[in-house]
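Okay, my_file_31.csv now, which holds CSV, C-alpha atoms and all ligand atoms:
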chain,number,residue,atom,x,y,z
A,41,SER,CA,-172.4,8.0,-124.0
A,42,LEU,CA,-171.9,8.0,-127.8
A,43,HIS,CA,-169.1,10.5,-127.5
A,44,ARG,CA,-165.8,9.1,-126.6
A,45,SER,CA,-163.0,11.3,-125.6
A,46,PRO,CA,-160.0,11.4,-127.9
A,47,ALA,CA,-157.8,10.1,-125.1
A,48,ALA,CA,-160.0,7.1,-124.6
A,49,ASP,CA,-160.0,6.3,-128.3
A,50,ALA,CA,-156.3,6.6,-128.5
A,51,GLN,CA,-156.0,3.8,-126.0
A,52,GLY,CA,-158.8,1.8,-127.6
A,53,LEU,CA,-160.4,1.5,-124.2
A,54,GLY,CA,-163.8,2.8,-125.3
A,55,MET,CA,-163.9,4.7,-122.0
A,56,THR,CA,-161.5,6.9,-120.1
A,57,SER,CA,-158.6,5.1,-118.6
A,58,GLN,CA,-159.8,6.4,-115.2
A,59,ARG,CA,-163.1,4.8,-115.6
A,60,ALA,CA,-161.4,1.5,-116.7
A,61,ARG,CA,-159.2,1.7,-113.6
A,62,ASP,CA,-162.2,2.3,-111.3
A,63,ARG,CA,-163.8,-0.8,-112.7
A,64,LEU,CA,-160.6,-2.8,-112.2
A,65,VAL,CA,-160.5,-1.7,-108.6
A,66,MET,CA,-164.1,-2.8,-108.1
A,67,ARG,CA,-163.3,-6.2,-109.5
A,68,LEU,CA,-160.2,-6.5,-107.3
A,69,ARG,CA,-162.3,-5.7,-104.2
A,70,GLU,CA,-164.8,-8.4,-105.3
A,71,GLU,CA,-161.8,-10.8,-105.6
A,72,GLY,CA,-160.8,-10.2,-102.0
A,73,ILE,CA,-158.2,-7.3,-102.1
A,74,ARG,CA,-158.9,-5.3,-98.9
A,75,ASP,CA,-156.0,-2.9,-98.4
A,76,LEU,CA,-157.3,0.5,-99.4
A,77,ARG,CA,-153.8,1.9,-99.8
A,78,VAL,CA,-153.1,-0.7,-102.4
A,79,LEU,CA,-156.5,-0.2,-104.2
A,80,ASP,CA,-155.9,3.5,-104.2
A,81,VAL,CA,-152.6,3.2,-106.0
A,82,ILE,CA,-154.0,0.9,-108.6
A,83,ARG,CA,-156.9,3.4,-109.1
A,84,LYS,CA,-154.3,6.1,-109.9
A,85,LEU,CA,-151.4,4.4,-111.7
A,86,PRO,CA,-151.7,4.3,-115.5
A,87,ARG,CA,-151.0,0.6,-116.2
A,88,HIS,CA,-151.6,1.2,-119.9
A,89,LEU,CA,-148.3,3.1,-120.0
A,90,PHE,CA,-146.4,0.0,-118.8
A,91,ILE,CA,-147.3,-2.1,-121.9
A,92,ASP,CA,-147.0,-1.8,-125.7
A,93,GLU,CA,-149.6,0.6,-127.2
A,94,ALA,CA,-151.0,-2.3,-129.3
A,95,LEU,CA,-152.1,-4.0,-126.0
A,96,ALA,CA,-153.2,-0.8,-124.2
A,97,SER,CA,-156.9,-1.6,-124.8
A,98,ARG,CA,-156.5,-4.6,-122.5
A,99,ALA,CA,-154.5,-2.8,-119.8
A,100,TYR,CA,-157.3,-2.8,-117.2
A,101,GLU,CA,-158.4,-6.4,-117.7
A,102,ASP,CA,-157.3,-8.5,-114.7
A,103,THR,CA,-154.8,-10.5,-116.7
A,104,ALA,CA,-151.1,-10.8,-117.3
A,105,LEU,CA,-150.0,-9.5,-120.7
A,106,PRO,CA,-146.9,-10.0,-122.8
A,107,ILE,CA,-144.1,-7.4,-122.6
A,108,GLY,CA,-141.7,-9.0,-125.0
A,109,HIS,CA,-138.6,-11.3,-124.5
A,110,GLY,CA,-141.0,-14.1,-123.4
A,111,GLN,CA,-141.9,-12.1,-120.3
A,112,THR,CA,-145.2,-10.7,-118.9
A,113,ILE,CA,-146.5,-7.8,-116.8
A,114,SER,CA,-148.2,-9.6,-113.9
A,115,GLN,CA,-151.9,-9.8,-113.4
A,116,PRO,CA,-153.3,-6.8,-111.4
A,117,TRP,CA,-154.8,-9.2,-108.8
A,118,ILE,CA,-151.4,-10.8,-108.0
A,119,VAL,CA,-149.7,-7.4,-107.9
A,120,ALA,CA,-152.3,-6.2,-105.4
A,121,ARG,CA,-152.2,-9.4,-103.4
A,122,MET,CA,-148.4,-9.4,-103.1
A,123,THR,CA,-148.3,-5.7,-102.2
A,124,GLU,CA,-151.0,-6.2,-99.6
A,125,ALA,CA,-149.1,-9.2,-98.1
A,126,LEU,CA,-145.9,-7.1,-98.0
A,127,LEU,CA,-147.6,-4.2,-96.1
A,128,GLU,CA,-149.4,-6.4,-93.6
A,129,GLY,CA,-146.8,-6.1,-90.8
A,130,GLY,CA,-146.3,-2.4,-91.3
A,131,VAL,CA,-144.8,-0.3,-94.1
A,132,PRO,CA,-141.3,-1.5,-95.0
A,133,GLN,CA,-138.7,1.3,-95.6
A,134,ARG,CA,-136.5,-0.3,-98.2
A,135,VAL,CA,-137.9,-2.9,-100.6
A,136,LEU,CA,-136.0,-5.1,-103.1
A,137,GLU,CA,-137.9,-6.4,-106.1
A,138,VAL,CA,-136.4,-9.2,-108.2
A,139,GLY,CA,-137.7,-9.0,-111.8
A,140,THR,CA,-138.5,-5.4,-112.8
A,141,GLY,CA,-140.2,-6.5,-116.0
A,142,SER,CA,-142.4,-3.6,-117.2
A,143,GLY,CA,-141.8,-1.7,-114.0
A,144,TYR,CA,-145.5,-1.7,-112.9
A,145,GLN,CA,-145.0,-3.6,-109.6
A,146,ALA,CA,-142.0,-1.4,-108.7
A,147,ALA,CA,-144.1,1.7,-109.4
A,148,VAL,CA,-147.0,0.4,-107.2
A,149,LEU,CA,-144.5,-0.1,-104.4
A,150,ALA,CA,-142.8,3.3,-105.0
A,151,ALA,CA,-146.2,5.0,-104.2
A,152,LEU,CA,-146.4,3.1,-100.9
A,153,VAL,CA,-142.9,2.8,-99.4
A,154,PRO,CA,-139.9,5.3,-99.2
A,155,GLN,CA,-137.4,3.4,-101.3
A,156,VAL,CA,-137.6,0.7,-103.9
A,157,PHE,CA,-134.6,-1.2,-105.4
A,158,THR,CA,-135.3,-3.4,-108.4
A,159,VAL,CA,-133.2,-5.8,-110.4
A,160,GLU,CA,-133.9,-7.2,-113.9
A,161,ARG,CA,-131.7,-9.6,-116.0
A,162,ILE,CA,-133.0,-8.5,-119.4
A,163,GLU,CA,-131.4,-5.2,-120.3
A,164,GLU,CA,-133.9,-4.0,-122.8
A,165,LEU,CA,-136.8,-4.5,-120.4
A,166,LEU,CA,-134.9,-2.6,-117.7
A,167,ARG,CA,-134.2,0.3,-120.2
A,168,GLN,CA,-137.9,0.6,-121.0
A,169,ALA,CA,-138.9,0.4,-117.3
A,170,ARG,CA,-136.4,3.2,-116.5
A,171,ARG,CA,-137.8,5.4,-119.2
A,172,ARG,CA,-141.3,4.9,-117.7
A,173,PHE,CA,-140.1,5.8,-114.2
A,174,ARG,CA,-138.5,9.0,-115.7
A,175,GLN,CA,-141.6,10.0,-117.7
A,176,MET,CA,-143.8,9.5,-114.6
A,177,LYS,CA,-141.4,11.4,-112.4
A,178,ILE,CA,-141.0,8.5,-110.0
A,179,GLU,CA,-137.8,9.2,-108.2
A,180,ASN,CA,-137.6,6.6,-105.4
A,181,ILE,CA,-136.8,3.6,-107.5
A,182,ARG,CA,-133.2,2.5,-108.1
A,183,SER,CA,-132.7,-0.2,-110.6
A,184,ARG,CA,-129.9,-2.5,-111.7
A,185,HIS,CA,-129.2,-4.9,-114.6
A,186,ASP,CA,-128.1,-8.1,-112.9
A,187,ASP,CA,-129.1,-11.6,-111.9
A,188,GLY,CA,-131.6,-10.8,-109.1
A,189,ALA,CA,-131.1,-14.2,-107.5
A,190,LEU,CA,-128.0,-12.6,-106.1
A,191,GLY,CA,-130.0,-9.7,-104.6
A,192,TRP,CA,-128.3,-6.3,-104.3
A,193,PRO,CA,-125.6,-6.9,-101.7
A,194,ALA,CA,-124.3,-3.3,-101.7
A,195,GLU,CA,-127.7,-2.0,-100.7
A,196,ALA,CA,-128.6,-4.8,-98.2
A,197,PRO,CA,-130.2,-5.3,-95.8
A,198,PHE,CA,-133.8,-4.8,-96.9
A,199,ASP,CA,-137.0,-4.6,-94.9
A,200,ALA,CA,-138.8,-6.6,-97.5
A,201,ILE,CA,-137.9,-8.5,-100.7
A,202,ILE,CA,-140.4,-9.5,-103.4
A,203,LEU,CA,-139.7,-11.9,-106.3
A,204,THR,CA,-141.9,-11.6,-109.4
A,205,ALA,CA,-140.5,-14.8,-111.0
A,206,ALA,CA,-140.8,-18.3,-109.6
A,207,GLY,CA,-137.8,-20.4,-108.4
A,208,GLU,CA,-137.9,-24.0,-107.2
A,209,VAL,CA,-136.5,-22.6,-103.9
A,210,VAL,CA,-135.9,-19.2,-102.6
A,211,PRO,CA,-132.2,-18.3,-103.2
A,212,GLN,CA,-130.2,-18.2,-99.9
A,213,GLU,CA,-128.5,-15.0,-101.0
A,214,LEU,CA,-131.8,-13.2,-100.9
A,215,LEU,CA,-132.7,-14.5,-97.4
A,216,ALA,CA,-129.3,-13.4,-96.3
A,217,GLN,CA,-130.1,-9.8,-97.4
A,218,LEU,CA,-133.3,-9.6,-95.3
A,219,ARG,CA,-133.2,-7.5,-92.1
A,220,PRO,CA,-134.2,-9.4,-88.9
A,221,ALA,CA,-138.0,-9.6,-88.9
A,222,GLY,CA,-138.0,-8.6,-92.6
A,223,VAL,CA,-140.5,-10.2,-95.0
A,224,LEU,CA,-139.8,-12.0,-98.2
A,225,LEU,CA,-142.6,-12.8,-100.7
A,226,ALA,CA,-142.1,-15.2,-103.5
A,227,PRO,CA,-143.8,-17.6,-105.9
A,228,VAL,CA,-142.1,-21.0,-105.3
A,229,GLY,CA,-142.3,-24.3,-107.1
A,230,PRO,CA,-142.3,-25.8,-110.6
A,231,ALA,CA,-144.6,-24.5,-113.4
A,232,GLY,CA,-148.2,-25.5,-112.6
A,233,GLN,CA,-147.6,-26.1,-108.9
A,234,GLN,CA,-146.4,-22.7,-107.7
A,235,GLN,CA,-147.4,-21.4,-104.3
A,236,LEU,CA,-147.1,-17.8,-103.1
A,237,VAL,CA,-145.1,-18.0,-99.9
A,238,ARG,CA,-144.3,-15.3,-97.3
A,239,MET,CA,-141.1,-15.8,-95.2
A,240,ARG,CA,-140.2,-13.9,-92.1
A,241,ALA,CA,-136.6,-13.8,-90.8
A,242,GLY,CA,-136.8,-14.5,-87.1
A,243,ASP,CA,-134.3,-15.1,-84.2
A,244,ASP,CA,-134.6,-18.9,-84.5
A,245,GLY,CA,-134.7,-19.4,-88.2
A,246,THR,CA,-137.2,-18.5,-91.0
A,247,GLU,CA,-140.9,-18.8,-90.6
A,248,THR,CA,-142.8,-19.7,-93.8
A,249,GLU,CA,-146.5,-19.2,-94.6
A,250,VAL,CA,-148.2,-20.5,-97.8
A,251,LEU,CA,-150.6,-17.9,-99.1
A,252,GLY,CA,-152.1,-19.8,-102.1
A,253,PRO,CA,-151.5,-21.0,-105.6
A,254,VAL,CA,-150.1,-18.6,-108.3
A,255,SER,CA,-148.7,-18.8,-111.8
A,256,PHE,CA,-145.5,-16.9,-112.7
A,257,VAL,CA,-142.7,-17.0,-115.3
A,258,PRO,CA,-139.6,-18.8,-114.1
A,259,LEU,CA,-136.7,-17.2,-112.2
A,260,LEU,CA,-133.8,-17.6,-114.5
A,261,GLY,CA,-130.1,-17.4,-113.8
A,262,GLY,CA,-127.5,-15.1,-115.4
A,263,LEU,CA,-127.9,-12.0,-117.6
A,264,ALA,CA,-129.7,-11.6,-120.9
B,1,LIG,N1,-142.7,-7.1,-111.7
B,1,LIG,C1,-142.9,-7.2,-113.1
B,1,LIG,C2,-144.0,-6.3,-113.6
B,1,LIG,O1,-144.6,-5.6,-112.8
B,1,LIG,O2,-144.1,-6.1,-114.9
B,1,LIG,C3,-143.2,-8.6,-113.5
B,1,LIG,C4,-142.4,-9.1,-114.6
B,1,LIG,S1,-142.3,-10.8,-115.0
B,1,LIG,C5,-143.7,-11.7,-114.3
B,1,LIG,C6,-140.9,-11.4,-114.2
B,1,LIG,C7,-139.6,-10.7,-114.6
B,1,LIG,O3,-138.5,-11.4,-113.8
B,1,LIG,C8,-139.2,-10.8,-116.0
B,1,LIG,O4,-139.0,-9.5,-116.5
B,1,LIG,C9,-137.9,-11.6,-116.0
B,1,LIG,O5,-137.0,-11.2,-117.0
B,1,LIG,C10,-137.4,-11.3,-114.6
B,1,LIG,N2,-136.4,-12.3,-114.1
B,1,LIG,C11,-136.4,-13.7,-114.2
B,1,LIG,N3,-135.4,-14.2,-113.5
B,1,LIG,C12,-134.6,-13.1,-113.1
B,1,LIG,C13,-133.4,-13.0,-112.4
B,1,LIG,N4,-132.7,-14.1,-112.0
B,1,LIG,N5,-133.0,-11.8,-112.0
B,1,LIG,C14,-133.7,-10.7,-112.4
B,1,LIG,N6,-134.8,-10.7,-113.1
B,1,LIG,C15,-135.3,-11.9,-113.4
Is it possible to give me this structure as structure tokens?
Amino acid sequence: SLHRSPAADAQGLGMTSQRARDRLVMRLREEGIRDLRVLDVIRKLPRHLFIDEALASRAYEDTALPIGHGQTISQPWIVARMTEALLEGGVPQRVLEVGTGSGYQAAVLAALVPQVFTVERIEELLRQARRRFRQMKIENIRSRHDDGALGWPAEAPFDAIILTAAGEVVPQELLAQLRPAGVLLAPVGPAGQQQLVRMRAGDDGTETEVLGPVSFVPLLGGLA
């Protein structure tokens, strides 16, 4: 149509954000995302509100985008893939995310599980993410400014843990905060050679599955 809605123009999308999300979901399905619960959340959650307005026109491209401080909001495909992989063995009750960033992955999780805990080392990013959660009236996310490699010991154990930044190894502190039979998902490895791995805490040690190559910002130590 020649007539664009004011809302669409404000976002620079050239179509309504709903239409843009429908297209993104179609693309994610083509790229192998199968879990309808996950696709439904992505269809509804306004990703353009998790990034700077200047980039909003690109919010529904299947790409990572800068969010400042050298960090990125992850690519929708990887958010979908990790969320799908987390739900495969059943819906976890309490999920810990390391690397809040924009808050988008946490918000996706919050629509699917009862309680999300998320830790971010960059205070300004956490502040913005919290404001988004408040504005969207998302009430089942608790967040903390800390080095997420240490987990959140006071709230452990967790049914699932998801890392959105890549370390060379998975920190022992995090594995120790996983409930028996709990699932941990993480990008692991040096830049250019990262693999998404899923670890399951069992009676006789940890079982590790390699799910495929990915590309993430590094997991850093300490606070910023
Ligand atoms: N989940 C985020 C989203 O949906 O926007 C992805 C953000 S980005 C790919 C990874 C984030 O991890 C960055 O915001 C970065 O500051 C954070 N990070 C890196 N190392 C960390 C650490 N040790 N503890 C907590 N956060 C960390």
Handout entry: Close residues, A:Val135 itself excluded, 8 Å, only C-alpha atoms, min 4 positions apart in chain, as number ranges by chain
Key = A: 153, 155-157, 198-202
Problem - Site check for ligand LIG 1 (chain B): residues at most 6 Å away, all atoms listed in the file, as a ChimeraX atom specification - result: /A:111-114,138-145,159-162,187-189,204-205,256-257,259-261
Practice task
Determine, counting only C-alpha atoms, every residue of protein, DNA or RNA that lies within 12 Å of (-148.8, -7.0, -97.1) in the file coordinates, then give the result as a ChimeraX atom specification.
Solution key: /A:73-78,118-132,149,152-153,200-202,222-225,237-239,251
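One finds atom CA of A:Pro258 at 20.1 Å from atom CA of A:Ser183.
Residue nearest A:Val209, chosen from A:Val228, A:Leu166, A:Ala194, A:Leu105 and counting all atoms listed in the file: A:Val228.
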Problem - Among listed residues A:Ala150, A:Glu247, A:Leu165, A:Arg134, nearest A:Trp192 (using all atoms listed in the file) - result: A:Arg134
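Residues in contact range of A:Gln233, defined as at most 10 Å between all atoms listed in the file, with sequence neighbours fewer than 2 positions away removed, read Pro227, Val228, Gly229, Pro230, Ala231, Gln235, Pro253, Val254 and Ser255 of chain A.
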Just to be explicit: take each residue in the selection above, keep C-alpha atoms, and write the result as a short mmCIF file (atom, residue, chain, number, x, y, z; two decimals), in the coordinates of the input.
data_model
loop_
_atom_site.label_atom_id
_atom_site.label_comp_id
_atom_site.auth_asym_id
_atom_site.auth_seq_id
_atom_site.Cartn_x
_atom_site.Cartn_y
_atom_site.Cartn_z
CA PRO A 227 -143.80 -17.60 -105.90
CA VAL A 228 -142.10 -21.00 -105.30
CA GLY A 229 -142.30 -24.30 -107.10
CA PRO A 230 -142.30 -25.80 -110.60
CA ALA A 231 -144.60 -24.50 -113.40
CA GLN A 235 -147.40 -21.40 -104.30
CA PRO A 253 -151.50 -21.00 -105.60
CA VAL A 254 -150.10 -18.60 -108.30
CA SER A 255 -148.70 -18.80 -111.80
#
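Distance annotation: of A:Gly191, A:Asp186, A:Ala264, A:Ile178, the residue with the minimal separation from A:Leu203 is A:Gly191; atom set is only C-alpha atoms.
The protein and nucleic acid residues lying at most 9 Å from A:Tyr100 are Leu53, Ser57, Ala60, Arg61, Arg63, Leu64, Arg87, His88, Ala96, Ser97, Thr103 and Pro116 of chain A, with all atoms listed in the file considered and sequence neighbours fewer than 3 positions away removed.
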Problem - Atom pair atom CA of A:Asp80 / atom CA of A:Arg59: separation (Å) - result: 13.5 Å
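Atom to atom, atom CA of A:Pro197 and atom CA of A:Ala216 stand 8.2 Å apart.
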Fill in the blank from the handout: Of A:Lys84, A:Asp243, A:Ile91, A:Ala151, the one sitting nearest A:Ala169 when using all atoms listed in the file is A:Ile91
Exercise for the section: Identify, on the basis of only C-alpha atoms, every residue whose closest approach to A:Ala196 does not exceed 8 Å; exclude the query and any residue fewer than 3 positions from it along the same chain; express the result as number ranges by chain. Expected result: A: 192-193, 217-218
Exercise for the section: Find, counting all atoms listed in the file, the residue in A:Ala221, A:Ala206, A:Ala147, A:Leu136 that gets nearest to A:Arg184. Expected result: A:Leu136
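Among the candidates A:Thr248, A:Thr158, A:Gln58, A:Gln133, the residue lying nearest to A:Arg170 is A:Thr158 (atoms considered: all atoms listed in the file).
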